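Text of my_file05.pdb, listed as PDB, C-alpha atoms and all ligand atoms:
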```pdb
MODEL        1
ATOM      1  CA  MET A   1     -12.060  16.464  -2.816
ATOM      2  CA  THR A   2     -13.662  13.211  -1.745
ATOM      3  CA  LYS A   3     -11.839  10.944   0.729
ATOM      4  CA  ALA A   4     -13.419   7.559   0.077
ATOM      5  CA  ILE A   5     -13.342   4.694   2.517
ATOM      6  CA  TYR A   6     -12.161   1.307   1.284
ATOM      7  CA  PRO A   7     -14.984  -1.253   0.804
ATOM      8  CA  ASP A   8     -13.928  -3.575   3.618
ATOM      9  CA  ASP A   9     -17.140  -5.591   3.328
ATOM     10  CA  LYS A  10     -16.035  -6.669  -0.170
ATOM     11  CA  ARG A  11     -12.485  -7.315   0.997
ATOM     12  CA  LYS A  12     -13.902  -9.613   3.692
ATOM     13  CA  LEU A  13     -15.977 -11.504   1.097
ATOM     14  CA  VAL A  14     -12.809 -12.114  -0.921
ATOM     15  CA  GLU A  15     -10.874 -13.153   2.184
ATOM     16  CA  ASP A  16     -13.563 -15.693   3.149
ATOM     17  CA  ALA A  17     -13.753 -17.028  -0.409
ATOM     18  CA  LEU A  18      -9.973 -17.469  -0.535
ATOM     19  CA  TYR A  19     -10.194 -19.594   2.622
ATOM     20  CA  HIS A  20     -13.059 -21.510   1.060
ATOM     21  CA  PHE A  21     -11.288 -22.245  -2.235
ATOM     22  CA  PHE A  22      -7.707 -22.824  -1.084
ATOM     23  CA  PRO A  23      -7.086 -26.424   0.063
ATOM     24  CA  ALA A  24      -7.643 -26.454   3.831
ATOM     25  CA  LYS A  25      -5.183 -29.269   4.446
ATOM     26  CA  ASP A  26      -1.581 -29.453   3.308
ATOM     27  CA  ARG A  27      -1.016 -32.433   1.066
ATOM     28  CA  TYR A  28       2.291 -34.050   0.243
ATOM     29  CA  PRO A  29       4.751 -32.303  -0.288
ATOM     30  CA  GLU A  30       3.447 -29.995   2.459
ATOM     31  CA  ILE A  31       6.054 -27.254   2.080
ATOM     32  CA  ILE A  32       4.594 -25.994  -1.214
ATOM     33  CA  TYR A  33       1.124 -25.568   0.319
ATOM     34  CA  LYS A  34       2.653 -23.803   3.320
ATOM     35  CA  ALA A  35       4.590 -21.416   1.054
ATOM     36  CA  MET A  36       1.550 -20.657  -1.125
ATOM     37  CA  ARG A  37      -0.634 -20.171   1.947
ATOM     38  CA  HIS A  38       1.911 -17.900   3.637
ATOM     39  CA  SER A  39       1.885 -15.451   0.739
ATOM     40  CA  LEU A  40      -1.790 -15.737  -0.115
ATOM     41  CA  PHE A  41      -2.953 -15.092   3.449
ATOM     42  CA  SER A  42      -0.424 -12.503   4.549
ATOM     43  CA  GLY A  43      -2.821  -9.554   4.264
ATOM     44  CA  GLY A  44      -3.120  -7.137   1.393
ATOM     45  CA  LYS A  45      -5.907  -4.879   0.245
ATOM     46  CA  ARG A  46      -7.309  -7.430  -2.240
ATOM     47  CA  PHE A  47      -7.666  -4.449  -4.561
ATOM     48  CA  ARG A  48      -7.935  -6.303  -7.886
ATOM     49  CA  SER A  49     -10.490  -8.774  -6.566
ATOM     50  CA  VAL A  50     -12.516  -6.010  -4.900
ATOM     51  CA  LEU A  51     -12.490  -4.071  -8.185
ATOM     52  CA  CYS A  52     -13.704  -7.197 -10.007
ATOM     53  CA  LEU A  53     -16.550  -7.634  -7.485
ATOM     54  CA  LEU A  54     -17.611  -3.987  -7.621
ATOM     55  CA  THR A  55     -17.602  -3.911 -11.424
ATOM     56  CA  GLY A  56     -19.474  -7.188 -11.732
ATOM     57  CA  GLU A  57     -22.033  -6.089  -9.170
ATOM     58  CA  ALA A  58     -22.521  -2.697 -10.851
ATOM     59  CA  PHE A  59     -23.576  -4.519 -14.024
ATOM     60  CA  GLY A  60     -25.869  -6.930 -12.224
ATOM     61  CA  ALA A  61     -23.824 -10.087 -11.600
ATOM     62  CA  GLU A  62     -24.287 -11.980  -8.357
ATOM     63  CA  ILE A  63     -21.395 -12.109  -5.911
ATOM     64  CA  ASP A  64     -21.173 -15.927  -6.058
ATOM     65  CA  GLU A  65     -20.728 -15.745  -9.816
ATOM     66  CA  ILE A  66     -17.772 -13.358  -9.477
ATOM     67  CA  LEU A  67     -15.906 -14.797  -6.460
ATOM     68  CA  PRO A  68     -13.923 -17.583  -8.225
ATOM     69  CA  THR A  69     -12.546 -15.046 -10.715
ATOM     70  CA  ALA A  70     -11.903 -12.500  -7.956
ATOM     71  CA  CYS A  71      -9.903 -15.134  -6.054
ATOM     72  CA  GLY A  72      -8.085 -16.187  -9.230
ATOM     73  CA  LEU A  73      -6.973 -12.575  -9.648
ATOM     74  CA  GLU A  74      -5.634 -12.618  -6.106
ATOM     75  CA  TYR A  75      -3.680 -15.836  -6.838
ATOM     76  CA  ILE A  76      -2.088 -14.188  -9.886
ATOM     77  CA  HIS A  77      -1.322 -10.996  -7.973
ATOM     78  CA  THR A  78       0.262 -13.023  -5.140
ATOM     79  CA  TYR A  79       2.313 -14.948  -7.702
ATOM     80  CA  SER A  80       3.645 -11.697  -9.129
ATOM     81  CA  LEU A  81       4.571 -10.396  -5.660
ATOM     82  CA  ILE A  82       6.432 -13.607  -4.719
ATOM     83  CA  HIS A  83       8.479 -13.460  -7.920
ATOM     84  CA  ASP A  84       8.969  -9.693  -7.698
ATOM     85  CA  ASP A  85      10.505 -10.099  -4.218
ATOM     86  CA  LEU A  86      13.001 -12.796  -5.288
ATOM     87  CA  PRO A  87      16.740 -12.082  -4.972
ATOM     88  CA  ALA A  88      17.056 -12.132  -8.782
ATOM     89  CA  ILE A  89      14.461  -9.368  -9.117
ATOM     90  CA  ASP A  90      13.902  -6.856  -6.270
ATOM     91  CA  ASN A  91      15.475  -8.902  -3.470
ATOM     92  CA  ASP A  92      13.014  -7.746  -0.815
ATOM     93  CA  ASP A  93      12.829  -9.368   2.632
ATOM     94  CA  LEU A  94       9.588  -7.780   3.808
ATOM     95  CA  ARG A  95       6.130  -7.829   2.243
ATOM     96  CA  ARG A  96       2.907  -6.863   4.011
ATOM     97  CA  GLY A  97       4.884  -6.633   7.235
ATOM     98  CA  LYS A  98       5.982 -10.268   7.054
ATOM     99  CA  PRO A  99       9.081 -12.089   5.754
ATOM    100  CA  THR A 100       8.855 -12.711   2.016
ATOM    101  CA  CYS A 101       8.225 -16.207   0.667
ATOM    102  CA  HIS A 102      11.851 -16.942  -0.289
ATOM    103  CA  VAL A 103      13.125 -15.743   3.107
ATOM    104  CA  LEU A 104      10.925 -18.301   4.882
ATOM    105  CA  PHE A 105      10.921 -21.184   2.410
ATOM    106  CA  GLY A 106      13.989 -20.712   0.205
ATOM    107  CA  GLU A 107      14.280 -19.422  -3.317
ATOM    108  CA  ASP A 108      13.499 -22.738  -4.999
ATOM    109  CA  ILE A 109      10.213 -23.220  -3.156
ATOM    110  CA  ALA A 110       9.243 -19.543  -3.606
ATOM    111  CA  ILE A 111       9.645 -19.825  -7.389
ATOM    112  CA  LEU A 112       7.512 -22.963  -7.378
ATOM    113  CA  ALA A 113       4.894 -21.441  -5.053
ATOM    114  CA  GLY A 114       4.495 -18.595  -7.562
ATOM    115  CA  ASP A 115       4.236 -21.016 -10.477
ATOM    116  CA  ALA A 116       1.680 -23.122  -8.612
ATOM    117  CA  LEU A 117      -0.500 -20.102  -7.750
ATOM    118  CA  PHE A 118      -0.496 -18.989 -11.380
ATOM    119  CA  ALA A 119      -1.773 -22.359 -12.631
ATOM    120  CA  GLU A 120      -4.155 -22.685  -9.681
ATOM    121  CA  ALA A 121      -5.781 -19.362 -10.633
ATOM    122  CA  PHE A 122      -6.942 -20.739 -13.961
ATOM    123  CA  TYR A 123      -7.868 -24.099 -12.457
ATOM    124  CA  LEU A 124     -10.079 -22.326  -9.923
ATOM    125  CA  ILE A 125     -11.840 -20.172 -12.516
ATOM    126  CA  ALA A 126     -12.339 -23.015 -14.977
ATOM    127  CA  SER A 127     -13.478 -25.610 -12.446
ATOM    128  CA  SER A 128     -15.828 -23.556 -10.281
ATOM    129  CA  GLN A 129     -19.459 -24.340 -10.761
ATOM    130  CA  THR A 130     -21.355 -21.107 -11.261
ATOM    131  CA  LYS A 131     -24.310 -20.086 -13.368
ATOM    132  CA  VAL A 132     -21.987 -18.153 -15.680
ATOM    133  CA  GLU A 133     -22.085 -19.645 -19.144
ATOM    134  CA  ALA A 134     -18.916 -21.337 -20.455
ATOM    135  CA  ALA A 135     -18.308 -18.739 -23.203
ATOM    136  CA  ARG A 136     -18.051 -15.964 -20.625
ATOM    137  CA  ILE A 137     -15.708 -18.019 -18.400
ATOM    138  CA  LEU A 138     -13.515 -18.573 -21.461
ATOM    139  CA  LYS A 139     -13.466 -14.825 -22.105
ATOM    140  CA  VAL A 140     -12.496 -14.181 -18.463
ATOM    141  CA  ILE A 141      -9.615 -16.655 -18.799
ATOM    142  CA  GLU A 142      -8.510 -14.881 -21.988
ATOM    143  CA  GLU A 143      -8.558 -11.514 -20.158
ATOM    144  CA  LEU A 144      -6.442 -12.735 -17.232
ATOM    145  CA  ALA A 145      -3.969 -14.688 -19.371
ATOM    146  CA  TYR A 146      -3.498 -11.657 -21.632
ATOM    147  CA  ALA A 147      -2.881  -9.356 -18.667
ATOM    148  CA  SER A 148      -0.416 -11.559 -16.820
ATOM    149  CA  GLY A 149       1.811 -12.901 -19.596
ATOM    150  CA  VAL A 150       4.119 -11.410 -22.176
ATOM    151  CA  ARG A 151       1.354  -9.104 -23.444
ATOM    152  CA  GLY A 152       1.058  -7.586 -19.981
ATOM    153  CA  MET A 153       2.730  -7.968 -16.632
ATOM    154  CA  VAL A 154       5.810  -9.923 -17.702
ATOM    155  CA  SER A 155       6.772  -7.375 -20.378
ATOM    156  CA  GLY A 156       6.215  -4.543 -17.898
ATOM    157  CA  GLN A 157       8.480  -6.265 -15.402
ATOM    158  CA  VAL A 158      11.197  -6.858 -18.020
ATOM    159  CA  ALA A 159      11.089  -3.214 -19.165
ATOM    160  CA  ASP A 160      11.229  -2.190 -15.498
ATOM    161  CA  LEU A 161      14.350  -4.292 -14.907
ATOM    162  CA  GLN A 162      15.957  -2.848 -18.022
ATOM    163  CA  SER A 163      15.188   0.720 -16.931
ATOM    164  CA  ALA A 164      17.194   0.432 -13.700
ATOM    165  CA  ASP A 165      20.187   2.776 -13.648
ATOM    166  CA  LYS A 166      19.041   4.421 -16.888
ATOM    167  CA  GLN A 167      17.427   7.749 -17.728
ATOM    168  CA  VAL A 168      14.239   6.511 -19.363
ATOM    169  CA  LYS A 169      11.796   8.614 -21.363
ATOM    170  CA  THR A 170       8.140   9.099 -20.478
ATOM    171  CA  ASP A 171       6.914   6.607 -23.091
ATOM    172  CA  ILE A 172       8.986   3.817 -21.514
ATOM    173  CA  LEU A 173       7.767   4.766 -18.028
ATOM    174  CA  ASN A 174       4.180   4.652 -19.299
ATOM    175  CA  PHE A 175       4.845   1.271 -20.928
ATOM    176  CA  ILE A 176       6.169  -0.113 -17.627
ATOM    177  CA  HIS A 177       3.227   1.181 -15.607
ATOM    178  CA  GLU A 178       0.593   0.113 -18.129
ATOM    179  CA  ARG A 179       1.939  -3.423 -18.399
ATOM    180  CA  LYS A 180       3.300  -4.140 -14.937
ATOM    181  CA  THR A 181       0.348  -2.836 -12.957
ATOM    182  CA  GLY A 182      -2.294  -1.504 -15.340
ATOM    183  CA  GLU A 183      -3.095  -4.640 -17.321
ATOM    184  CA  LEU A 184      -4.051  -6.826 -14.344
ATOM    185  CA  ILE A 185      -6.164  -4.033 -12.860
ATOM    186  CA  THR A 186      -7.857  -3.515 -16.241
ATOM    187  CA  SER A 187      -8.474  -7.242 -16.607
ATOM    188  CA  ALA A 188     -10.032  -7.324 -13.119
ATOM    189  CA  ALA A 189     -12.641  -4.720 -14.035
ATOM    190  CA  ARG A 190     -13.233  -6.190 -17.497
ATOM    191  CA  ALA A 191     -13.627  -9.698 -16.069
ATOM    192  CA  GLY A 192     -16.300  -8.431 -13.659
ATOM    193  CA  ALA A 193     -18.126  -6.764 -16.540
ATOM    194  CA  VAL A 194     -17.818  -9.871 -18.748
ATOM    195  CA  ILE A 195     -19.276 -12.097 -16.018
ATOM    196  CA  ALA A 196     -22.207  -9.662 -15.781
ATOM    197  CA  ASP A 197     -22.643  -9.807 -19.567
ATOM    198  CA  ALA A 198     -22.120  -6.053 -19.995
ATOM    199  CA  SER A 199     -22.537  -4.638 -23.508
ATOM    200  CA  ASP A 200     -19.576  -3.773 -25.750
ATOM    201  CA  THR A 201     -20.110  -0.056 -25.126
ATOM    202  CA  GLU A 202     -20.162  -0.618 -21.381
ATOM    203  CA  LEU A 203     -17.037  -2.784 -21.627
ATOM    204  CA  GLU A 204     -15.256   0.006 -23.497
ATOM    205  CA  LYS A 205     -16.078   2.531 -20.774
ATOM    206  CA  VAL A 206     -15.041   0.097 -18.053
ATOM    207  CA  THR A 207     -11.740  -0.453 -19.872
ATOM    208  CA  ARG A 208     -11.014   3.277 -20.057
ATOM    209  CA  PHE A 209     -11.992   3.648 -16.380
ATOM    210  CA  ALA A 210      -9.731   0.806 -15.270
ATOM    211  CA  GLN A 211      -6.759   1.858 -17.411
ATOM    212  CA  GLN A 212      -6.788   5.283 -15.796
ATOM    213  CA  LEU A 213      -7.410   3.749 -12.361
ATOM    214  CA  GLY A 214      -4.414   1.442 -12.893
ATOM    215  CA  LEU A 215      -2.257   4.411 -13.861
ATOM    216  CA  ALA A 216      -3.346   6.316 -10.757
ATOM    217  CA  PHE A 217      -2.707   3.204  -8.639
ATOM    218  CA  GLN A 218       0.875   2.864  -9.881
ATOM    219  CA  ILE A 219       1.622   6.598  -9.565
ATOM    220  CA  THR A 220       0.414   6.530  -5.941
ATOM    221  CA  ASP A 221       2.496   3.361  -5.420
ATOM    222  CA  ASP A 222       5.556   5.291  -6.656
ATOM    223  CA  ILE A 223       4.697   8.260  -4.426
ATOM    224  CA  LEU A 224       4.201   6.045  -1.355
ATOM    225  CA  ASP A 225       7.607   4.496  -1.955
ATOM    226  CA  VAL A 226       9.021   7.999  -1.374
ATOM    227  CA  VAL A 227       6.747   9.495   1.290
ATOM    228  CA  GLY A 228       4.950   6.458   2.766
ATOM    229  CA  GLU A 229       5.503   4.823   6.144
ATOM    230  CA  THR A 230       7.065   1.374   6.402
ATOM    231  CA  ASP A 231       4.636   0.355   9.169
ATOM    232  CA  LEU A 232       1.568   1.232   7.100
ATOM    233  CA  LEU A 233       2.935  -0.141   3.830
ATOM    234  CA  GLY A 234       4.349  -3.334   5.343
ATOM    235  CA  LYS A 235       7.475  -3.025   3.197
ATOM    236  CA  GLU A 236      10.617  -0.947   3.221
ATOM    237  CA  VAL A 237      10.163   2.466   1.625
ATOM    238  CA  GLY A 238      12.807   3.839  -0.736
ATOM    239  CA  SER A 239      13.107   0.571  -2.665
ATOM    240  CA  ASP A 240      12.669   2.290  -6.062
ATOM    241  CA  GLU A 241      15.458   4.744  -5.329
ATOM    242  CA  ARG A 242      17.778   1.984  -4.077
ATOM    243  CA  HIS A 243      17.183   0.072  -7.317
ATOM    244  CA  ASN A 244      17.441   3.252  -9.397
ATOM    245  CA  LYS A 245      13.999   2.540 -10.860
ATOM    246  CA  ALA A 246      12.187   4.828 -13.267
ATOM    247  CA  THR A 247       9.149   6.214 -11.419
ATOM    248  CA  PHE A 248       6.810   9.202 -11.710
ATOM    249  CA  PRO A 249       8.444  11.056  -8.768
ATOM    250  CA  SER A 250      11.955  10.362 -10.122
ATOM    251  CA  LEU A 251      11.036  11.663 -13.588
ATOM    252  CA  PHE A 252       8.665  14.509 -12.726
ATOM    253  CA  GLY A 253       9.113  15.285  -9.009
ATOM    254  CA  LEU A 254       6.602  14.606  -6.220
ATOM    255  CA  ASP A 255       4.199  17.510  -6.864
ATOM    256  CA  GLU A 256       3.834  16.770 -10.558
ATOM    257  CA  ALA A 257       3.447  13.046  -9.818
ATOM    258  CA  LYS A 258       0.598  13.873  -7.403
ATOM    259  CA  ARG A 259      -1.007  16.103 -10.067
ATOM    260  CA  LYS A 260      -0.770  13.301 -12.614
ATOM    261  CA  ALA A 261      -2.392  10.865 -10.174
ATOM    262  CA  LYS A 262      -5.286  13.308  -9.721
ATOM    263  CA  GLU A 263      -5.593  13.732 -13.491
ATOM    264  CA  ALA A 264      -5.760   9.949 -13.941
ATOM    265  CA  VAL A 265      -8.455   9.658 -11.233
ATOM    266  CA  ASP A 266     -10.477  12.445 -12.903
ATOM    267  CA  ASN A 267     -10.145  10.675 -16.261
ATOM    268  CA  ALA A 268     -11.220   7.388 -14.698
ATOM    269  CA  ILE A 269     -14.325   8.938 -13.145
ATOM    270  CA  ASN A 270     -15.188  10.782 -16.375
ATOM    271  CA  ALA A 271     -15.049   7.489 -18.282
ATOM    272  CA  LEU A 272     -18.055   6.314 -16.249
ATOM    273  CA  ILE A 273     -20.240   9.275 -17.165
ATOM    274  CA  ASP A 274     -23.527   8.421 -18.924
ATOM    275  CA  MET A 275     -23.552   4.818 -17.762
ATOM    276  CA  GLU A 276     -27.032   3.515 -17.160
ATOM    277  CA  VAL A 277     -25.987   1.518 -14.101
ATOM    278  CA  ASP A 278     -24.967   2.775 -10.654
ATOM    279  CA  THR A 279     -21.188   3.199 -10.715
ATOM    280  CA  SER A 280     -20.849   5.120  -7.435
ATOM    281  CA  SER A 281     -18.851   2.306  -5.784
ATOM    282  CA  LEU A 282     -16.311   2.509  -8.625
ATOM    283  CA  VAL A 283     -16.076   6.291  -8.250
ATOM    284  CA  ASP A 284     -15.440   5.827  -4.511
ATOM    285  CA  LEU A 285     -12.735   3.260  -5.279
ATOM    286  CA  ALA A 286     -11.027   5.755  -7.595
ATOM    287  CA  TRP A 287     -10.961   8.337  -4.785
ATOM    288  CA  PHE A 288      -9.568   5.721  -2.425
ATOM    289  CA  VAL A 289      -6.698   5.140  -4.881
ATOM    290  CA  TYR A 290      -5.886   8.837  -4.963
ATOM    291  CA  ASN A 291      -5.933   9.247  -1.174
ATOM    292  CA  ARG A 292      -4.494   5.910  -0.158
ATOM    293  CA  GLU A 293      -1.748   5.660   2.459
ATOM    294  CA  HIS A 294      -0.964   1.969   1.862
TER
HETATM  295  C1  LIG B   1       4.138 -13.277 -11.895
HETATM  296  C2  LIG B   1       2.626 -12.933 -13.898
HETATM  297  C3  LIG B   1       3.935 -12.757 -13.238
HETATM  298  C4  LIG B   1       4.930 -12.144 -13.838
HETATM  299  C5  LIG B   1       6.280 -12.104 -13.298
HETATM  300  C6  LIG B   1       7.502 -10.370 -11.111
HETATM  301  C7  LIG B   1       6.669  -9.978 -12.261
HETATM  302  C8  LIG B   1       6.791 -10.753 -13.508
HETATM  303  C9  LIG B   1       5.852  -8.928 -12.241
HETATM  304  C10 LIG B   1       5.740  -8.077 -11.041
HETATM  305  C11 LIG B   1       4.566  -7.224 -11.140
HETATM  306  C12 LIG B   1       4.450  -6.397  -9.914
HETATM  307  C13 LIG B   1       4.924  -6.905  -8.602
HETATM  308  C14 LIG B   1       3.894  -5.211 -10.006
HETATM  309  C15 LIG B   1       3.720  -4.310  -8.841
HETATM  310  C16 LIG B   1       2.306  -3.977  -8.757
HETATM  311  C17 LIG B   1       1.983  -3.390  -7.428
HETATM  312  C18 LIG B   1       1.671  -1.940  -7.390
HETATM  313  C19 LIG B   1       1.953  -4.140  -6.336
HETATM  314  C20 LIG B   1       1.418  -3.728  -5.030
HETATM  315  O1  LIG B   1       0.032  -4.015  -5.062
HETATM  316  P1  LIG B   1      -0.940  -3.738  -3.856
HETATM  317  O2  LIG B   1      -0.709  -2.343  -3.332
HETATM  318  O3  LIG B   1      -0.423  -4.765  -2.767
HETATM  319  O4  LIG B   1      -2.318  -4.067  -4.291
HETATM  320  P2  LIG B   1      -1.257  -5.540  -1.629
HETATM  321  O5  LIG B   1      -0.207  -5.972  -0.625
HETATM  322  O6  LIG B   1      -2.266  -4.612  -1.050
HETATM  323  O7  LIG B   1      -1.880  -6.727  -2.297
ENDMDL
END
```
Here is the file; what I need is its structure written in the form of structure tokens.
Amino acid sequence: MTKAIYPDDKRKLVEDALYHFFPAKDRYPEIIYKAMRHSLFSGGKRFRSVLCLLTGEAFGAEIDEILPTACGLEYIHTYSLIHDDLPAIDNDDLRRGKPTCHVLFGEDIAILAGDALFAEAFYLIASSQTKVEAARILKVIEELAYASGVRGMVSGQVADLQSADKQVKTDILNFIHERKTGELITSAARAGAVIADASDTELEKVTRFAQQLGLAFQITDDILDVVGETDLLGKEVGSDERHNKATFPSLFGLDEAKRKAKEAVDNAINALIDMEVDTSSLVDLAWFVYNREH
């Protein structure tokens, strides 16, 4: 079994681009910039943006063409984490080893920081000058809006909230994982491929790859919430159990959850077979997901 190393060079590119794009100086009213900046620059793997870069690159796009979208994905992801941590949702005090946004800035500002990051994501993508033609930028915006709204992440989150304290069936668990986590991950890979002007057949394979990758990512997230270490994860473990959440380990047990994660990684890698471009970086990323400890 391959133990892949995370592409830190790509993570660093995203980190630098986030510093480049995010306003360097707080404007009036400063607190909202401080709150957004706190959550955006508090660490994190930058997984969705790295996936977008690797996919775009595999199909021949230049890094500079992909970075605004990669950063937009990170804004949306950060938005979802800020809102997920709120007292009305998961009520978590720790994220990436640091106090959550509402703990530092209050619930009102945290809600608004999330809202602002969501809008800023689309502003960044739409306003960045790149060589990518307008029709492809529009398609990227469609992908990300689809994944993060009621067709994707929001519905997953609502179903997740409704599943607490209930015995849910596998189809509901799959719905939650596909929408809450899978859609944004899928949109990240698709957006990279769209920027690179990949063909419809290639886009289909990328979609299948990313859907299975997203499933594996969420199963390993569930597993780490049971067996992970708080120091490595930067958040309290056992949160799913405390909230009585439906997860793969709670429904199937740890061993079966691990087997399902491996199956999803195998499916993801198989989806890339017969591609004419070099997809080895995507295969490595899939192995990272399976073996990850944070
Ligand atoms: C904000 C669009 C939007 C919707 C609101 C709150 C909410 C509805 C959705 C929450 C979605 C959510 C938090 C899903 C969890 C996904 C997940 C596995 C998060 C952890 O991602 P990592 O491991 O974290 O990539 P890092 O810290 O590395 O960035």
Next on the checklist: Taking only C-alpha atoms and all ligand atoms into account, which residues have an atom no farther than 7 Å from ligand LIG 1 (chain B)? I'd like them as JSON, numbers by chain.
Outcome noted: {"A": [43, 44, 45, 46, 47, 76, 79, 80, 81, 83, 84, 96, 114, 148, 149, 153, 154, 157, 180, 181, 217, 218, 221, 294]}
Checklist outcome for this item: Restricting to all atoms listed in the file, whichever of A:Ala70, A:Ala271, A:Cys101, A:Ala257 is closest to Leu54 (chain A) is A:Ala70
Checklist entry - So which residues get picked by the PyMOL selection byres (((chain A and resi 199-212) around 8) and not hetatm) here, written as a PyMOL selection string? => result chain A and resi 178+182-183+185-186+189-190+193-194+197-198+213-216+264-265+267-272+275
Item to check | Atom pair CA of Asp222 (chain A) / CA of Thr247 (chain A): separation (Å) | outcome: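 These atoms are spaced 6.0 Å apart.
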Checklist entry - So what do you get for CA of Pro23 (chain A) versus CA of Ile109 (chain A), distance-wise? => result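 So the two atoms, CA of Pro23 (chain A) and CA of Ile109 (chain A), lie 17.9 Å apart.
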Item to check | the PyMOL selection byres (((chain A and resi 36) around 9) and not hetatm) applied to the shown file, residues as a list in words | outcome: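 Matching residues under the PyMOL selection byres (((chain A and resi 36) around 9) and not hetatm) are Ile31, Ile32, Tyr33, Lys34, Ala35, Arg37, His38, Ser39, Leu40, Phe41, Thr78, Tyr79, Cys101, Ala110, Leu112, Ala113, Gly114, Ala116 and Leu117 of chain A.
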Item to check | Residue nearest Asp240 (chain A) - candidates A:Glu263, A:Thr170, A:Ala164, A:Arg95, atoms counted: only C-alpha atoms | outcome: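 Of A:Glu263, A:Thr170, A:Ala164, A:Arg95, the one nearest Asp240 (chain A), counting only C-alpha atoms, is A:Ala164.
Distances here use only C-alpha atoms; by that measure, the residue among A:Leu53, A:Ile82, A:Tyr75, A:Lys166 closest to Pro7 (chain A) is A:Leu53.
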Residue IDs satisfying the PyMOL selection byres (((chain A and resi 165) around 9) and not hetatm), as a short mmCIF file (atom, residue, chain, number, x, y, z; two decimals) with C-alpha atoms, in the coordinates of the input:
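New file result_26.cif:
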```cif
data_model
loop_
_atom_site.label_atom_id
_atom_site.label_comp_id
_atom_site.auth_asym_id
_atom_site.auth_seq_id
_atom_site.Cartn_x
_atom_site.Cartn_y
_atom_site.Cartn_z
CA GLN A 162 15.96 -2.85 -18.02
CA SER A 163 15.19 0.72 -16.93
CA ALA A 164 17.19 0.43 -13.70
CA LYS A 166 19.04 4.42 -16.89
CA GLN A 167 17.43 7.75 -17.73
CA HIS A 243 17.18 0.07 -7.32
CA ASN A 244 17.44 3.25 -9.40
CA LYS A 245 14.00 2.54 -10.86
CA ALA A 246 12.19 4.83 -13.27
#
```
Item to check | Selected residue, from A:Phe105, A:Phe118, A:Tyr6, A:Phe252, that lies nearest to Leu73 (chain A) when counting only C-alpha atoms | outcome: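 Of A:Phe105, A:Phe118, A:Tyr6, A:Phe252, the one nearest Leu73 (chain A) is A:Phe118, counting only C-alpha atoms.
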Box for region 81-90 of chain A - axis-aligned, 3 Å on each of the six sides, all listed atoms - centre and size in Å to one decimal, as lines of an AutoDock Vina configuration file.
```
center_x = 10.8
center_y = -10.2
center_z = -6.7
size_x = 18.5
size_y = 12.8
size_z = 10.9
```
Item to check | Of the listed residues A:Arg151, A:Val227, A:Thr220, A:Lys12, that which approaches Lys258 (chain A) most closely, counting all atoms listed in the file | outcome: A:Thr220
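Minimum distance to Val237 (chain A) across A:Ile125, A:Ala147, A:Val168, A:Leu94 (counting all atoms listed in the file) occurs at A:Leu94.
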Checklist entry - Just how far from CA of Arg242 (chain A) is CA of Pro87 (chain A), in Å to one decimal? => result 14.1 Å
Checklist entry - Can you find the residues with an atom no farther than 10 Å from (-19.8, -14.2, -20.0), counting only C-alpha atoms, and report them as an NGL selection string? => result :A and (131-140 or 191-198)
Item to check | Surrounding residues of Lys3 (chain A) excluding itself and chain neighbours under 4 positions, 12 Å, only C-alpha atoms, as a list in words | outcome: Val283, Asp284, Leu285, Ala286, Trp287, Phe288, Val289, Tyr290, Asn291, Arg292 and Glu293 of chain A
